[in-house]
Amino acid sequence: MPYVASTRSGLLAVEDDQVRSAAMADVQGSLTAMGERMMRTIASLEREKARVEARLLAAYGGLHTIESQQLETLALSRGSLHASADRVASEEIALATGVGLGEVSRRMSLATAPRRHRRVLDALRSGATSLHRALQVASETAALSDADVAAVEEAVLAPSRDGQPVAQRTFVTRLRRAIASVDGRGSDERRAHARSRRGVFGRLTADGMGCLTLFTDADAIAAVMERLDTEARAARGAGDPRTLDQLRCDLATEALLRSHLDVLQAGIEAHPSTDTPRGGPTSSPTNSPASGAGSSPEGPDGPDGPDGPDGGSSAPANGAPAPERRSGTPPTSGTATSAAASAAHARSEPPVPGPSAKGQPAALVWLIVPFEVATGSSDAACELPGHGWVTAAHAREIMTRPGSVWRTLPVDLRTGEALSRPTRAYRPTAAMVEHVQAVDGRCRGPGCEVVATRCDLDHETPWPRGETSVGNLRSKHRLHHNLKTDGIWTSTPVGDGGLEWTTLTGRTYVTHPKDWREGVDPPATATRPTTPATSATSATSDGSPVDVPPPPF
């Protein structure tokens, strides 16, 4: 604070404070006014956004109506179809917009129930609520009757006492209270509905870790946690240095992966699965990877089967010898498979060994390690197909652990496409299945990331008009297989290994074989080079010729 050298310096200082305070008050008042204007703009835009979202839902409903009529027309000539209008329209929108399929499906369920959700849709059109809240209401009231839904929506959309928008926490409290109040009789139905959604969900997170969610009955979860806690505390009391959280995690992982292997195997042998698509190998006498995918000619296949990315993983050979290196043909890419239990917990064994001590892991995983990463000349991330990615250092650690088995996956250096052993046998062999799965890598449907080992092998030209050969087979998730078989979408092979899909609205999407060197090589240009594979001719055990790629496959 400046002072004037005067006998009245005290008075001048006071006057200076008053001026400064007034100036600060003016500045604060101006900022407050500017903030208020910004808040009015934000609120106005939120209301406008809600009105646009109401129009978006109306467009969803319009597309659903159009495609429903298209499917009804198809059904007249083809009979029963395997895909609903809800699913077909949702897939179409997800592909065209990039919005997640789950979000599109939630919007579609609201858009196709305008009478049931009349109040919340009216509020959305007026800008009085958001699409997020409208979807929340629709989801939480799915098991209620139309009359009860109307009562719930009226309760949650009631204005607040001060006329301000209802806070999100208050909205959620209102919604739960209203649902609990309208229909005590429906609690059993709602629990049955919730129980029908039980499942296990996993995802990989940062730093080489992952998260597993088990959604099941509350009493089962409580019992599992109680048992894990009891065992963990016993181990801590015996001197185990790990924390309780670490012990509970290790015990649960060990139990899921290995502890009940003998019981599970006995059950599998006693009750063989009937869900495996026709044509796929159930075992391999040469210790090659077993797979649940197989050839699925149009017609015989039913709609039952995997409806999403969940399902069994491919099981690599646990004991197959490493491929022989031959001069002049260095491997361009390799796969390292590891016993998940022993690999992931080599440094952290649970305190009480179970049946896993017999040395047979209950779960195996694929890990794709490019040659450059294996040798340390590249630090590109490595793929756990169907799950996610791990760092190069983590991949090298896994592939060098005891129990890891290496198998070579030769790939074209320019396209990254797998080169594998084709066959001319009439029916698909294990080698043919491996070849198609290696080339495709994932479902050849547009936007689909289901790994090829969980897909059907579909004849592009329907059998028997089209031969059973690697050139006529593509890996397709059951949904995309049915969309093509029913004529809802069409798929046509195009140049460079591409597969062009055409949807009901006439949009086209082209998918390509998996590039197993993606992330190692520089990004590919828009035009993928076509590289014919140089092959040698050999013969099968019955004398028929078969083209085989160069070693070391």
# chains A, B, ... in the order shown; residues from 1 in each chain; ligands from 1
>>> residues_around(residues="His477 in chain A", least_positions_apart="3", cutoff="6 Å", atoms="only C-alpha atoms", output="number ranges by chain")
A: 443, 455, 480
>>> residues_around(residues="range 136-148 of chain A", least_positions_apart="5", cutoff="12 Å", atoms="only C-alpha atoms", output="PyMOL selection string")
chain A and resi 103+105-121+129-131+153-157+168+171-194
>>> select_by_dssp(residues="range 30-231 of chain A", states="strand (DSSP E or B)", output="list in words")
Gly199, Val200, Phe201, Gly202, Arg203, Leu204, Gly210, Cys211, Leu212, Thr213, Leu214 and Phe215 of chain A
>>> write_last_selection(atoms="all heavy atoms", output="compact mmCIF listing (two decimals), in the first residue's frame")
# COMPACT_ATOMS: atom_id res chain seq x y z
N GLY A 199 -23.71 -62.27 -14.86
CA GLY A 199 -22.61 -62.60 -15.77
C GLY A 199 -21.27 -62.20 -15.17
O GLY A 199 -21.19 -61.67 -14.06
N VAL A 200 -20.22 -62.46 -15.92
CA VAL A 200 -18.86 -62.10 -15.54
C VAL A 200 -18.28 -61.22 -16.64
O VAL A 200 -18.39 -61.56 -17.82
CB VAL A 200 -17.98 -63.35 -15.35
CG1 VAL A 200 -16.56 -62.97 -14.96
CG2 VAL A 200 -18.58 -64.27 -14.28
N PHE A 201 -17.69 -60.12 -16.25
CA PHE A 201 -17.18 -59.16 -17.22
C PHE A 201 -15.74 -58.80 -16.85
O PHE A 201 -15.45 -58.53 -15.69
CB PHE A 201 -18.05 -57.90 -17.25
CG PHE A 201 -19.53 -58.21 -17.31
CD1 PHE A 201 -20.29 -58.26 -16.15
CD2 PHE A 201 -20.13 -58.49 -18.52
CE1 PHE A 201 -21.64 -58.57 -16.20
CE2 PHE A 201 -21.48 -58.79 -18.58
CZ PHE A 201 -22.24 -58.83 -17.43
N GLY A 202 -14.86 -58.80 -17.82
CA GLY A 202 -13.46 -58.48 -17.56
C GLY A 202 -12.95 -57.45 -18.53
O GLY A 202 -13.41 -57.36 -19.67
N ARG A 203 -12.00 -56.65 -18.09
CA ARG A 203 -11.36 -55.68 -18.98
C ARG A 203 -9.94 -55.46 -18.49
O ARG A 203 -9.66 -55.56 -17.29
CB ARG A 203 -12.12 -54.35 -19.02
CG ARG A 203 -12.21 -53.64 -17.68
CD ARG A 203 -13.05 -52.38 -17.77
NE ARG A 203 -13.19 -51.73 -16.47
CZ ARG A 203 -12.34 -50.85 -15.98
NH1 ARG A 203 -11.27 -50.51 -16.70
NH2 ARG A 203 -12.52 -50.30 -14.79
N LEU A 204 -9.05 -55.17 -19.41
CA LEU A 204 -7.68 -54.87 -19.07
C LEU A 204 -7.56 -53.40 -18.74
O LEU A 204 -8.18 -52.55 -19.39
CB LEU A 204 -6.74 -55.23 -20.21
CG LEU A 204 -6.74 -56.69 -20.67
CD1 LEU A 204 -5.61 -56.92 -21.65
CD2 LEU A 204 -6.62 -57.63 -19.48
N GLY A 210 -5.81 -55.81 -14.72
CA GLY A 210 -7.16 -55.98 -15.26
C GLY A 210 -8.18 -56.00 -14.15
O GLY A 210 -7.84 -56.09 -12.96
N CYS A 211 -9.45 -55.90 -14.55
CA CYS A 211 -10.54 -55.85 -13.57
C CYS A 211 -11.58 -56.90 -13.96
O CYS A 211 -11.98 -56.99 -15.13
CB CYS A 211 -11.17 -54.46 -13.56
SG CYS A 211 -12.58 -54.29 -12.45
N LEU A 212 -12.02 -57.71 -12.99
CA LEU A 212 -13.02 -58.75 -13.21
C LEU A 212 -14.24 -58.42 -12.34
O LEU A 212 -14.12 -58.23 -11.14
CB LEU A 212 -12.46 -60.12 -12.82
CG LEU A 212 -13.38 -61.32 -13.08
CD1 LEU A 212 -13.51 -61.58 -14.57
CD2 LEU A 212 -12.84 -62.56 -12.38
N THR A 213 -15.41 -58.36 -12.97
CA THR A 213 -16.66 -58.07 -12.25
C THR A 213 -17.57 -59.29 -12.31
O THR A 213 -17.83 -59.82 -13.40
CB THR A 213 -17.37 -56.86 -12.87
OG1 THR A 213 -16.52 -55.72 -12.81
CG2 THR A 213 -18.67 -56.55 -12.13
N LEU A 214 -18.04 -59.72 -11.17
CA LEU A 214 -18.96 -60.86 -11.07
C LEU A 214 -20.31 -60.32 -10.62
O LEU A 214 -20.44 -59.77 -9.52
CB LEU A 214 -18.42 -61.89 -10.07
CG LEU A 214 -19.28 -63.12 -9.81
CD1 LEU A 214 -19.35 -63.99 -11.04
CD2 LEU A 214 -18.72 -63.92 -8.63
N PHE A 215 -21.33 -60.46 -11.46
CA PHE A 215 -22.66 -59.95 -11.17
C PHE A 215 -23.59 -61.12 -10.96
O PHE A 215 -23.99 -61.81 -11.89
CB PHE A 215 -23.14 -59.08 -12.33
CG PHE A 215 -24.48 -58.43 -12.10
CD1 PHE A 215 -24.61 -57.39 -11.19
CD2 PHE A 215 -25.62 -58.84 -12.79
CE1 PHE A 215 -25.85 -56.79 -10.98
CE2 PHE A 215 -26.84 -58.25 -12.58
CZ PHE A 215 -26.96 -57.22 -11.67
>>> atom_distance(atom1="CA of Trp406 in chain A", atom2="CA of Val470 in chain A")
24.8 Å
>>> closest_residue(among="A:Leu31, A:Leu95, A:Ala234, A:Ala220", to="Thr502 in chain A", atoms="only C-alpha atoms")
A:Leu95
>>> atom_distance(atom1="CA of Glu231 in chain A", atom2="CA of Ala255 in chain A")
12.1 Å
>>> residues_around(residues="Arg233 in chain A", least_positions_apart="6", cutoff="12 Å", atoms="only C-alpha atoms", output="number ranges by chain")
A: 225-227, 239-248, 251, 351
>>> atom_distance(atom1="CA of Ser469 in chain A", atom2="CA of Pro370 in chain A")
28.2 Å
>>> closest_residue(among="A:Asp515, A:Ala22, A:Pro402, A:Arg197", to="Gly497 in chain A", atoms="only C-alpha atoms")
A:Asp515
>>> residues_around(residues="Gly487 in chain A", least_positions_apart="6", cutoff="10 Å", atoms="only C-alpha atoms", output="NGL selection string")
:A and (71 or 74-75 or 78 or 81 or 503-504)
>>> write_last_selection(atoms="C-alpha atoms", output="mmCIF file, in the first residue's frame")
data_model
loop_
_atom_site.group_PDB
_atom_site.id
_atom_site.type_symbol
_atom_site.label_atom_id
_atom_site.label_comp_id
_atom_site.auth_asym_id
_atom_site.auth_seq_id
_atom_site.Cartn_x
_atom_site.Cartn_y
_atom_site.Cartn_z
ATOM 1 C CA LEU A 71 -37.542 -57.324 -42.419
ATOM 2 C CA LEU A 74 -37.795 -60.417 -46.271
ATOM 3 C CA ALA A 75 -39.544 -62.822 -43.898
ATOM 4 C CA ARG A 78 -37.244 -66.427 -46.397
ATOM 5 C CA LEU A 81 -35.307 -64.384 -39.466
ATOM 6 C CA THR A 503 -26.779 -52.791 -45.037
ATOM 7 C CA LEU A 504 -30.536 -52.317 -45.382
#
>>> decode(residues="range 11-134 of chain A", atoms="C-alpha atoms", output="PDB file, in the first residue's frame")
ATOM      1  CA  LEU A  11      -6.164   9.686   6.347  1.00  0.00           C
ATOM      2  CA  LEU A  12      -4.768   9.212   2.846  1.00  0.00           C
ATOM      3  CA  ALA A  13      -4.173   5.505   3.503  1.00  0.00           C
ATOM      4  CA  VAL A  14      -7.802   5.049   4.513  1.00  0.00           C
ATOM      5  CA  GLU A  15      -9.000   6.817   1.388  1.00  0.00           C
ATOM      6  CA  ASP A  16      -6.697   4.582  -0.710  1.00  0.00           C
ATOM      7  CA  ASP A  17      -8.270   1.451   0.835  1.00  0.00           C
ATOM      8  CA  GLN A  18     -11.744   2.695   0.037  1.00  0.00           C
ATOM      9  CA  VAL A  19     -10.841   3.372  -3.597  1.00  0.00           C
ATOM     10  CA  ARG A  20      -9.237  -0.041  -3.947  1.00  0.00           C
ATOM     11  CA  SER A  21     -12.222  -1.783  -2.340  1.00  0.00           C
ATOM     12  CA  ALA A  22     -14.621   0.021  -4.631  1.00  0.00           C
ATOM     13  CA  ALA A  23     -12.544  -0.931  -7.661  1.00  0.00           C
ATOM     14  CA  MET A  24     -12.427  -4.582  -6.573  1.00  0.00           C
ATOM     15  CA  ALA A  25     -16.174  -4.555  -6.007  1.00  0.00           C
ATOM     16  CA  ASP A  26     -16.695  -3.195  -9.523  1.00  0.00           C
ATOM     17  CA  VAL A  27     -14.458  -5.899 -10.990  1.00  0.00           C
ATOM     18  CA  GLN A  28     -16.212  -8.610  -8.967  1.00  0.00           C
ATOM     19  CA  GLY A  29     -19.604  -7.305 -10.045  1.00  0.00           C
ATOM     20  CA  SER A  30     -18.547  -7.355 -13.697  1.00  0.00           C
ATOM     21  CA  LEU A  31     -17.231 -10.930 -13.389  1.00  0.00           C
ATOM     22  CA  THR A  32     -20.443 -12.012 -11.660  1.00  0.00           C
ATOM     23  CA  ALA A  33     -22.512 -10.508 -14.473  1.00  0.00           C
ATOM     24  CA  MET A  34     -20.326 -12.225 -17.088  1.00  0.00           C
ATOM     25  CA  GLY A  35     -20.615 -15.534 -15.238  1.00  0.00           C
ATOM     26  CA  GLU A  36     -24.400 -15.180 -15.082  1.00  0.00           C
ATOM     27  CA  ARG A  37     -24.540 -14.553 -18.817  1.00  0.00           C
ATOM     28  CA  MET A  38     -22.414 -17.662 -19.421  1.00  0.00           C
ATOM     29  CA  MET A  39     -24.691 -19.702 -17.146  1.00  0.00           C
ATOM     30  CA  ARG A  40     -27.767 -18.510 -19.058  1.00  0.00           C
ATOM     31  CA  THR A  41     -26.020 -19.512 -22.288  1.00  0.00           C
ATOM     32  CA  ILE A  42     -25.149 -22.944 -20.905  1.00  0.00           C
ATOM     33  CA  ALA A  43     -28.668 -23.528 -19.604  1.00  0.00           C
ATOM     34  CA  SER A  44     -30.143 -22.407 -22.915  1.00  0.00           C
ATOM     35  CA  LEU A  45     -27.837 -24.693 -24.863  1.00  0.00           C
ATOM     36  CA  GLU A  46     -28.670 -27.631 -22.571  1.00  0.00           C
ATOM     37  CA  ARG A  47     -32.383 -27.071 -23.246  1.00  0.00           C
ATOM     38  CA  GLU A  48     -31.699 -26.801 -26.973  1.00  0.00           C
ATOM     39  CA  LYS A  49     -29.565 -29.948 -26.795  1.00  0.00           C
ATOM     40  CA  ALA A  50     -32.456 -31.798 -25.141  1.00  0.00           C
ATOM     41  CA  ARG A  51     -34.812 -30.701 -27.923  1.00  0.00           C
ATOM     42  CA  VAL A  52     -32.306 -31.872 -30.541  1.00  0.00           C
ATOM     43  CA  GLU A  53     -31.972 -35.188 -28.703  1.00  0.00           C
ATOM     44  CA  ALA A  54     -35.756 -35.562 -28.809  1.00  0.00           C
ATOM     45  CA  ARG A  55     -35.570 -35.152 -32.575  1.00  0.00           C
ATOM     46  CA  LEU A  56     -32.732 -37.693 -32.616  1.00  0.00           C
ATOM     47  CA  LEU A  57     -34.908 -40.242 -30.824  1.00  0.00           C
ATOM     48  CA  ALA A  58     -37.709 -39.568 -33.297  1.00  0.00           C
ATOM     49  CA  ALA A  59     -35.250 -40.355 -36.114  1.00  0.00           C
ATOM     50  CA  TYR A  60     -34.278 -43.580 -34.315  1.00  0.00           C
ATOM     51  CA  GLY A  61     -37.942 -44.541 -34.203  1.00  0.00           C
ATOM     52  CA  GLY A  62     -38.387 -43.675 -37.865  1.00  0.00           C
ATOM     53  CA  LEU A  63     -35.469 -45.873 -38.947  1.00  0.00           C
ATOM     54  CA  HIS A  64     -36.776 -48.688 -36.748  1.00  0.00           C
ATOM     55  CA  THR A  65     -40.166 -48.500 -38.467  1.00  0.00           C
ATOM     56  CA  ILE A  66     -38.597 -48.549 -41.937  1.00  0.00           C
ATOM     57  CA  GLU A  67     -36.304 -51.488 -41.217  1.00  0.00           C
ATOM     58  CA  SER A  68     -39.117 -53.385 -39.477  1.00  0.00           C
ATOM     59  CA  GLN A  69     -41.065 -53.204 -42.717  1.00  0.00           C
ATOM     60  CA  GLN A  70     -38.012 -54.306 -44.685  1.00  0.00           C
ATOM     61  CA  LEU A  71     -37.542 -57.324 -42.419  1.00  0.00           C
ATOM     62  CA  GLU A  72     -41.226 -58.218 -42.670  1.00  0.00           C
ATOM     63  CA  THR A  73     -40.903 -58.210 -46.463  1.00  0.00           C
ATOM     64  CA  LEU A  74     -37.795 -60.417 -46.271  1.00  0.00           C
ATOM     65  CA  ALA A  75     -39.544 -62.822 -43.898  1.00  0.00           C
ATOM     66  CA  LEU A  76     -42.310 -63.386 -46.456  1.00  0.00           C
ATOM     67  CA  SER A  77     -39.803 -64.971 -48.821  1.00  0.00           C
ATOM     68  CA  ARG A  78     -37.244 -66.427 -46.397  1.00  0.00           C
ATOM     69  CA  GLY A  79     -39.348 -67.425 -43.414  1.00  0.00           C
ATOM     70  CA  SER A  80     -38.273 -66.732 -39.848  1.00  0.00           C
ATOM     71  CA  LEU A  81     -35.307 -64.384 -39.466  1.00  0.00           C
ATOM     72  CA  HIS A  82     -32.646 -64.621 -36.783  1.00  0.00           C
ATOM     73  CA  ALA A  83     -32.231 -60.898 -36.100  1.00  0.00           C
ATOM     74  CA  SER A  84     -34.775 -58.449 -34.707  1.00  0.00           C
ATOM     75  CA  ALA A  85     -35.497 -54.985 -36.088  1.00  0.00           C
ATOM     76  CA  ASP A  86     -34.169 -53.523 -32.821  1.00  0.00           C
ATOM     77  CA  ARG A  87     -30.777 -55.195 -33.303  1.00  0.00           C
ATOM     78  CA  VAL A  88     -30.505 -54.547 -37.038  1.00  0.00           C
ATOM     79  CA  ALA A  89     -31.374 -50.848 -36.713  1.00  0.00           C
ATOM     80  CA  SER A  90     -29.060 -50.441 -33.714  1.00  0.00           C
ATOM     81  CA  GLU A  91     -26.136 -52.043 -35.569  1.00  0.00           C
ATOM     82  CA  GLU A  92     -26.812 -49.766 -38.536  1.00  0.00           C
ATOM     83  CA  ILE A  93     -26.786 -46.605 -36.409  1.00  0.00           C
ATOM     84  CA  ALA A  94     -23.698 -47.641 -34.444  1.00  0.00           C
ATOM     85  CA  LEU A  95     -21.752 -48.231 -37.656  1.00  0.00           C
ATOM     86  CA  ALA A  96     -22.835 -44.938 -39.240  1.00  0.00           C
ATOM     87  CA  THR A  97     -22.254 -42.701 -36.204  1.00  0.00           C
ATOM     88  CA  GLY A  98     -19.529 -44.327 -34.109  1.00  0.00           C
ATOM     89  CA  VAL A  99     -21.799 -44.295 -31.047  1.00  0.00           C
ATOM     90  CA  GLY A 100     -21.387 -47.423 -28.913  1.00  0.00           C
ATOM     91  CA  LEU A 101     -23.842 -50.230 -29.597  1.00  0.00           C
ATOM     92  CA  GLY A 102     -24.943 -50.337 -25.953  1.00  0.00           C
ATOM     93  CA  GLU A 103     -25.809 -46.632 -25.968  1.00  0.00           C
ATOM     94  CA  VAL A 104     -27.614 -46.941 -29.302  1.00  0.00           C
ATOM     95  CA  SER A 105     -29.634 -49.890 -27.967  1.00  0.00           C
ATOM     96  CA  ARG A 106     -30.704 -47.916 -24.897  1.00  0.00           C
ATOM     97  CA  ARG A 107     -31.808 -45.024 -27.062  1.00  0.00           C
ATOM     98  CA  MET A 108     -33.654 -47.382 -29.389  1.00  0.00           C
ATOM     99  CA  SER A 109     -35.614 -48.941 -26.533  1.00  0.00           C
ATOM    100  CA  LEU A 110     -36.806 -45.480 -25.490  1.00  0.00           C
ATOM    101  CA  ALA A 111     -37.485 -44.310 -29.048  1.00  0.00           C
ATOM    102  CA  THR A 112     -39.679 -47.342 -29.797  1.00  0.00           C
ATOM    103  CA  ALA A 113     -41.878 -46.917 -26.704  1.00  0.00           C
ATOM    104  CA  PRO A 114     -43.371 -43.422 -27.177  1.00  0.00           C
ATOM    105  CA  ARG A 115     -46.653 -44.219 -25.456  1.00  0.00           C
ATOM    106  CA  ARG A 116     -45.092 -45.973 -22.487  1.00  0.00           C
ATOM    107  CA  HIS A 117     -42.704 -43.071 -21.879  1.00  0.00           C
ATOM    108  CA  ARG A 118     -44.934 -40.234 -23.071  1.00  0.00           C
ATOM    109  CA  ARG A 119     -44.273 -37.952 -20.093  1.00  0.00           C
ATOM    110  CA  VAL A 120     -40.494 -38.184 -20.147  1.00  0.00           C
ATOM    111  CA  LEU A 121     -40.390 -37.761 -23.930  1.00  0.00           C
ATOM    112  CA  ASP A 122     -42.625 -34.687 -23.677  1.00  0.00           C
ATOM    113  CA  ALA A 123     -40.220 -33.263 -21.093  1.00  0.00           C
ATOM    114  CA  LEU A 124     -37.290 -33.984 -23.406  1.00  0.00           C
ATOM    115  CA  ARG A 125     -38.975 -32.240 -26.330  1.00  0.00           C
ATOM    116  CA  SER A 126     -39.602 -29.154 -24.178  1.00  0.00           C
ATOM    117  CA  GLY A 127     -36.024 -29.122 -22.901  1.00  0.00           C
ATOM    118  CA  ALA A 128     -37.123 -29.775 -19.317  1.00  0.00           C
ATOM    119  CA  THR A 129     -35.032 -32.926 -18.907  1.00  0.00           C
ATOM    120  CA  SER A 130     -31.987 -34.508 -20.530  1.00  0.00           C
ATOM    121  CA  LEU A 131     -31.564 -37.583 -22.681  1.00  0.00           C
ATOM    122  CA  HIS A 132     -29.346 -39.042 -19.957  1.00  0.00           C
ATOM    123  CA  ARG A 133     -32.187 -38.833 -17.423  1.00  0.00           C
ATOM    124  CA  ALA A 134     -34.759 -40.083 -19.896  1.00  0.00           C
TER     125      ALA A 134
END
